[in-house]
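Enquirer: The following block contains the structure, expressed as structure tokens.
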Amino acid sequence: AIPDADDTYVGDGITAITIPATFDGLYLYSIGGHVYTAGAGATTDVQLYNLTTAVDVLTTKLTIDAGELDSSTATTAVVIGSQNRVYTATVLRIDVDQIGSSAAAKGLEIRMQFRGQSS
């Protein structure tokens, strides 16, 4: 979503992903995030927004704690909402809602796993 050496920044539509036909009807099963240089002072918060249906996909945002590199160690776990089904040409937008307060993290990678069932 953001190149490795670039500071994270707050904004909607940092990047977007268009779902291919091979994912038609699948459900977002898991999502994770990674930065390449840890932020300081506050979490890095990411929301996944379904631009096609105009709804946030995550009911609890993906967070990367200050001083950490990956969301897998976050104090608050990400929660995927019930609006997690995708179809061919669904556009998923990555929004960054918060960055470190004293130093922004650098780089941002988002990992998503899709499955045929919602759970």
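To be explicit about the labels: the chains of the structure tokens are called A, B, and onward in the order shown, and within each one the residues are counted from 1, while ligands get numbers from 1 in the order they are shown.
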Would you kindly return, as a list in words, each protein, DNA or RNA residue with an atom no farther than 10 Å from any atom of Asp70 (chain A), considering only C-alpha atoms and excluding same-chain residues fewer than 5 positions away?

Expert: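 Near neighbours after the sequence-gap exclusion: Gly32, Gly33, His34, Val35, Tyr36, Ala38, Thr63, Ile64, Asp65, Leu108, Glu109 and Ile110 of chain A.
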
Enquirer: Next, write the just-selected residues to a file, as a compact mmCIF listing (two decimals), in the first residue's frame, keeping N, CA, C and O atoms as the atom set.

Expert:
# COMPACT_ATOMS: atom_id res chain seq x y z
N GLY A 32 -4.23 -8.74 7.76
CA GLY A 32 -3.11 -8.34 8.61
C GLY A 32 -2.36 -7.20 7.95
O GLY A 32 -2.54 -6.91 6.77
N GLY A 33 -1.53 -6.56 8.73
CA GLY A 33 -0.74 -5.45 8.22
C GLY A 33 0.67 -5.49 8.75
O GLY A 33 0.94 -6.07 9.82
N HIS A 34 1.59 -4.87 8.01
CA HIS A 34 3.00 -4.84 8.38
C HIS A 34 3.60 -3.51 7.94
O HIS A 34 3.28 -3.02 6.86
N VAL A 35 4.44 -2.93 8.77
CA VAL A 35 5.24 -1.76 8.40
C VAL A 35 6.70 -2.16 8.45
O VAL A 35 7.06 -3.17 9.06
N TYR A 36 7.56 -1.39 7.81
CA TYR A 36 8.98 -1.75 7.73
C TYR A 36 9.85 -0.99 8.70
O TYR A 36 10.95 -1.41 9.02
N ALA A 38 8.94 0.83 12.51
CA ALA A 38 7.86 1.03 13.47
C ALA A 38 7.58 2.51 13.70
O ALA A 38 8.49 3.33 13.70
N THR A 63 -4.85 -2.63 13.60
CA THR A 63 -3.90 -1.73 14.25
C THR A 63 -2.52 -2.37 14.33
O THR A 63 -2.38 -3.59 14.46
N ILE A 64 -1.54 -1.51 14.22
CA ILE A 64 -0.15 -1.90 14.47
C ILE A 64 0.31 -1.00 15.61
O ILE A 64 0.28 0.23 15.51
N ASP A 65 0.65 -1.62 16.74
CA ASP A 65 1.02 -0.85 17.93
C ASP A 65 2.29 -0.04 17.72
O ASP A 65 3.17 -0.43 16.94
N LEU A 108 3.83 0.23 4.28
CA LEU A 108 2.63 -0.46 4.76
C LEU A 108 2.28 -1.56 3.78
O LEU A 108 2.16 -1.33 2.58
N GLU A 109 2.15 -2.74 4.32
CA GLU A 109 1.75 -3.92 3.55
C GLU A 109 0.47 -4.45 4.17
O GLU A 109 0.35 -4.50 5.40
N ILE A 110 -0.46 -4.86 3.34
CA ILE A 110 -1.72 -5.45 3.82
C ILE A 110 -1.82 -6.87 3.26
O ILE A 110 -1.61 -7.09 2.07

Enquirer: Neighbouring residues of Leu48 (chain A) were defined as those with any atom within 8 Å, considering only C-alpha atoms; residues of the same chain fewer than 5 positions away were excluded. Please report them as an mmCIF file with N, CA, C and O atoms, in the first residue's frame.

Expert:
data_model
loop_
_atom_site.group_PDB
_atom_site.id
_atom_site.type_symbol
_atom_site.label_atom_id
_atom_site.label_comp_id
_atom_site.auth_asym_id
_atom_site.auth_seq_id
_atom_site.Cartn_x
_atom_site.Cartn_y
_atom_site.Cartn_z
ATOM 1 N N ASP A 56 -17.725 0.083 5.523
ATOM 2 C CA ASP A 56 -16.481 -0.371 6.148
ATOM 3 C C ASP A 56 -16.561 -1.879 6.326
ATOM 4 O O ASP A 56 -17.582 -2.407 6.774
ATOM 5 N N VAL A 57 -15.487 -2.576 6.022
ATOM 6 C CA VAL A 57 -15.448 -4.029 6.143
ATOM 7 C C VAL A 57 -15.052 -4.450 7.560
ATOM 8 O O VAL A 57 -15.487 -5.481 8.048
ATOM 9 N N LEU A 58 -14.246 -3.643 8.215
ATOM 10 C CA LEU A 58 -13.751 -3.988 9.548
ATOM 11 C C LEU A 58 -14.577 -3.282 10.615
ATOM 12 O O LEU A 58 -14.750 -2.065 10.575
ATOM 13 N N LYS A 61 -10.854 -1.749 13.622
ATOM 14 C CA LYS A 61 -9.792 -1.483 12.651
ATOM 15 C C LYS A 61 -8.566 -2.343 12.887
ATOM 16 O O LYS A 61 -8.288 -2.781 14.004
ATOM 17 N N LEU A 92 -12.004 -2.749 -3.109
ATOM 18 C CA LEU A 92 -11.684 -2.590 -1.692
ATOM 19 C C LEU A 92 -10.624 -1.498 -1.565
ATOM 20 O O LEU A 92 -9.569 -1.573 -2.188
ATOM 21 N N ARG A 93 -10.930 -0.505 -0.761
ATOM 22 C CA ARG A 93 -10.049 0.650 -0.585
ATOM 23 C C ARG A 93 -9.358 0.560 0.774
ATOM 24 O O ARG A 93 -9.989 0.207 1.773
ATOM 25 N N ILE A 94 -8.095 0.880 0.810
ATOM 26 C CA ILE A 94 -7.340 0.895 2.057
ATOM 27 C C ILE A 94 -7.239 2.335 2.541
ATOM 28 O O ILE A 94 -6.736 3.206 1.834
ATOM 29 N N ASP A 95 -7.762 2.562 3.748
ATOM 30 C CA ASP A 95 -7.741 3.879 4.378
ATOM 31 C C ASP A 95 -6.837 3.818 5.602
ATOM 32 O O ASP A 95 -6.942 2.878 6.398
#

Enquirer: Taking 2 positions as the minimum chain separation for residues in the same chain, which residues sit within 12 Å of Gly100 (chain A) when counting only C-alpha atoms? Answer as a list in words.

Expert: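 Result of the neighbour search: Asp7, Thr8, Tyr9, Val10, Val35, Thr37, Ala38, Gly39, Ala40, Gly41, Ala42, Thr43, Thr44, Asp45, Thr63, Ile64, Asp65, Ala66, Gly67, Glu68, Val96, Asp97, Gln98, Ser102, Ala103, Ala104, Ala105 and Lys106 of chain A.
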
Enquirer: Store the residues of this selection in a file with N, CA, C and O atoms, as an mmCIF file, in the first residue's frame.

Expert:
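To be explicit, this is the file written out as out02.cif:
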data_model
loop_
_atom_site.group_PDB
_atom_site.id
_atom_site.type_symbol
_atom_site.label_atom_id
_atom_site.label_comp_id
_atom_site.auth_asym_id
_atom_site.auth_seq_id
_atom_site.Cartn_x
_atom_site.Cartn_y
_atom_site.Cartn_z
ATOM 1 N N ASP A 7 6.982 7.401 4.575
ATOM 2 C CA ASP A 7 6.177 7.551 5.782
ATOM 3 C C ASP A 7 4.727 7.179 5.513
ATOM 4 O O ASP A 7 4.185 7.491 4.444
ATOM 5 N N THR A 8 4.087 6.548 6.497
ATOM 6 C CA THR A 8 2.642 6.357 6.421
ATOM 7 C C THR A 8 1.998 7.733 6.590
ATOM 8 O O THR A 8 2.598 8.648 7.156
ATOM 9 N N TYR A 9 0.788 7.854 6.098
ATOM 10 C CA TYR A 9 0.065 9.119 6.209
ATOM 11 C C TYR A 9 -1.423 8.825 6.278
ATOM 12 O O TYR A 9 -1.884 7.786 5.812
ATOM 13 N N VAL A 10 -2.156 9.733 6.891
ATOM 14 C CA VAL A 10 -3.593 9.566 7.052
ATOM 15 C C VAL A 10 -4.288 9.937 5.750
ATOM 16 O O VAL A 10 -3.974 10.956 5.136
ATOM 17 N N VAL A 35 4.443 -2.930 8.766
ATOM 18 C CA VAL A 35 5.236 -1.756 8.395
ATOM 19 C C VAL A 35 6.702 -2.161 8.452
ATOM 20 O O VAL A 35 7.061 -3.170 9.058
ATOM 21 N N THR A 37 9.338 0.131 9.204
ATOM 22 C CA THR A 37 9.943 0.848 10.319
ATOM 23 C C THR A 37 8.805 1.195 11.254
ATOM 24 O O THR A 37 7.790 1.763 10.825
ATOM 25 N N ALA A 38 8.938 0.833 12.511
ATOM 26 C CA ALA A 38 7.858 1.031 13.473
ATOM 27 C C ALA A 38 7.577 2.509 13.700
ATOM 28 O O ALA A 38 8.493 3.334 13.705
ATOM 29 N N GLY A 39 6.305 2.834 13.902
ATOM 30 C CA GLY A 39 5.911 4.175 14.296
ATOM 31 C C GLY A 39 6.086 4.348 15.795
ATOM 32 O O GLY A 39 6.306 3.376 16.527
ATOM 33 N N ALA A 40 5.985 5.592 16.264
ATOM 34 C CA ALA A 40 6.147 5.870 17.691
ATOM 35 C C ALA A 40 5.021 6.771 18.184
ATOM 36 O O ALA A 40 4.518 7.608 17.444
ATOM 37 N N GLY A 41 4.631 6.557 19.428
ATOM 38 C CA GLY A 41 3.685 7.437 20.090
ATOM 39 C C GLY A 41 2.227 7.052 19.981
ATOM 40 O O GLY A 41 1.437 7.389 20.842
ATOM 41 N N ALA A 42 1.839 6.373 18.922
ATOM 42 C CA ALA A 42 0.438 5.958 18.745
ATOM 43 C C ALA A 42 0.398 4.810 17.745
ATOM 44 O O ALA A 42 1.362 4.563 17.017
ATOM 45 N N THR A 43 -0.731 4.135 17.706
ATOM 46 C CA THR A 43 -0.906 3.036 16.761
ATOM 47 C C THR A 43 -1.051 3.557 15.334
ATOM 48 O O THR A 43 -1.401 4.711 15.108
ATOM 49 N N THR A 44 -0.769 2.675 14.393
ATOM 50 C CA THR A 44 -1.119 2.903 12.998
ATOM 51 C C THR A 44 -2.428 2.151 12.788
ATOM 52 O O THR A 44 -2.489 0.946 13.026
ATOM 53 N N ASP A 45 -3.482 2.872 12.392
ATOM 54 C CA ASP A 45 -4.822 2.285 12.260
ATOM 55 C C ASP A 45 -5.245 2.268 10.798
ATOM 56 O O ASP A 45 -5.160 3.294 10.116
ATOM 57 N N THR A 63 -4.845 -2.629 13.597
ATOM 58 C CA THR A 63 -3.896 -1.731 14.255
ATOM 59 C C THR A 63 -2.516 -2.375 14.326
ATOM 60 O O THR A 63 -2.382 -3.593 14.456
ATOM 61 N N ILE A 64 -1.536 -1.509 14.216
ATOM 62 C CA ILE A 64 -0.147 -1.897 14.472
ATOM 63 C C ILE A 64 0.308 -1.004 15.611
ATOM 64 O O ILE A 64 0.276 0.232 15.510
ATOM 65 N N ASP A 65 0.652 -1.615 16.735
ATOM 66 C CA ASP A 65 1.015 -0.854 17.929
ATOM 67 C C ASP A 65 2.286 -0.045 17.720
ATOM 68 O O ASP A 65 3.170 -0.427 16.939
ATOM 69 N N ALA A 66 2.394 1.062 18.444
ATOM 70 C CA ALA A 66 3.612 1.873 18.424
ATOM 71 C C ALA A 66 4.793 0.994 18.815
ATOM 72 O O ALA A 66 4.698 0.167 19.724
ATOM 73 N N GLY A 67 5.887 1.125 18.089
ATOM 74 C CA GLY A 67 7.079 0.334 18.376
ATOM 75 C C GLY A 67 7.054 -1.067 17.799
ATOM 76 O O GLY A 67 8.021 -1.811 17.933
ATOM 77 N N GLU A 68 5.965 -1.458 17.164
ATOM 78 C CA GLU A 68 5.810 -2.797 16.582
ATOM 79 C C GLU A 68 5.799 -2.715 15.055
ATOM 80 O O GLU A 68 5.543 -1.664 14.477
ATOM 81 N N VAL A 96 -5.980 4.804 5.776
ATOM 82 C CA VAL A 96 -5.173 4.910 6.987
ATOM 83 C C VAL A 96 -5.804 6.011 7.829
ATOM 84 O O VAL A 96 -5.891 7.165 7.409
ATOM 85 N N ASP A 97 -6.281 5.634 9.015
ATOM 86 C CA ASP A 97 -7.025 6.558 9.866
ATOM 87 C C ASP A 97 -6.181 7.214 10.953
ATOM 88 O O ASP A 97 -6.583 8.235 11.509
ATOM 89 N N GLN A 98 -5.049 6.610 11.287
ATOM 90 C CA GLN A 98 -4.172 7.187 12.311
ATOM 91 C C GLN A 98 -2.755 6.691 12.081
ATOM 92 O O GLN A 98 -2.559 5.550 11.651
ATOM 93 N N SER A 102 4.375 10.651 17.343
ATOM 94 C CA SER A 102 5.685 11.310 17.396
ATOM 95 C C SER A 102 6.584 10.911 16.235
ATOM 96 O O SER A 102 7.515 11.629 15.908
ATOM 97 N N ALA A 103 6.301 9.793 15.592
ATOM 98 C CA ALA A 103 7.023 9.379 14.380
ATOM 99 C C ALA A 103 6.141 8.405 13.600
ATOM 100 O O ALA A 103 5.648 7.428 14.151
ATOM 101 N N ALA A 104 5.961 8.705 12.343
ATOM 102 C CA ALA A 104 5.148 7.833 11.486
ATOM 103 C C ALA A 104 5.917 6.566 11.158
ATOM 104 O O ALA A 104 7.145 6.587 11.017
ATOM 105 N N ALA A 105 5.189 5.468 11.047
ATOM 106 C CA ALA A 105 5.796 4.224 10.551
ATOM 107 C C ALA A 105 6.177 4.425 9.091
ATOM 108 O O ALA A 105 5.667 5.328 8.423
ATOM 109 N N LYS A 106 7.057 3.580 8.611
ATOM 110 C CA LYS A 106 7.438 3.628 7.195
ATOM 111 C C LYS A 106 6.967 2.361 6.503
ATOM 112 O O LYS A 106 7.134 1.266 7.017
#

Enquirer: In Å, how far is it from CA of Leu26 (chain A) to CA of Thr52 (chain A)?

Expert: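 Calculated distance between CA of Leu26 (chain A) and CA of Thr52 (chain A) is 15.2 Å.
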
Enquirer: Quick check, in Å to one decimal: how far apart do CA of Ser30 (chain A) and CA of Leu69 (chain A) lie?

Expert: 17.8 Å

Enquirer: For the helix (DSSP H, G or I) assignment from backbone DSSP, which residues of chain A qualify? Please present them as a list in words.

Expert: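 The helix (DSSP H, G or I) subset of chain A is Ala21, Thr22, Phe23, Ser71, Ser72 and Thr73 of chain A.
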
Enquirer: Please provide as a count of residues only all residues within 12 Å of region 81-85 of chain A, with the sequence filter that same-chain residues fewer than 4 positions apart are discarded (counting only C-alpha atoms).

Expert: 36

Enquirer: One decimal, in Å: what's the spacing between CA of Ile99 (chain A) and CA of Asp6 (chain A)?

Expert: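 CA of Asp6 (chain A) lies 12.8 Å from CA of Ile99 (chain A).
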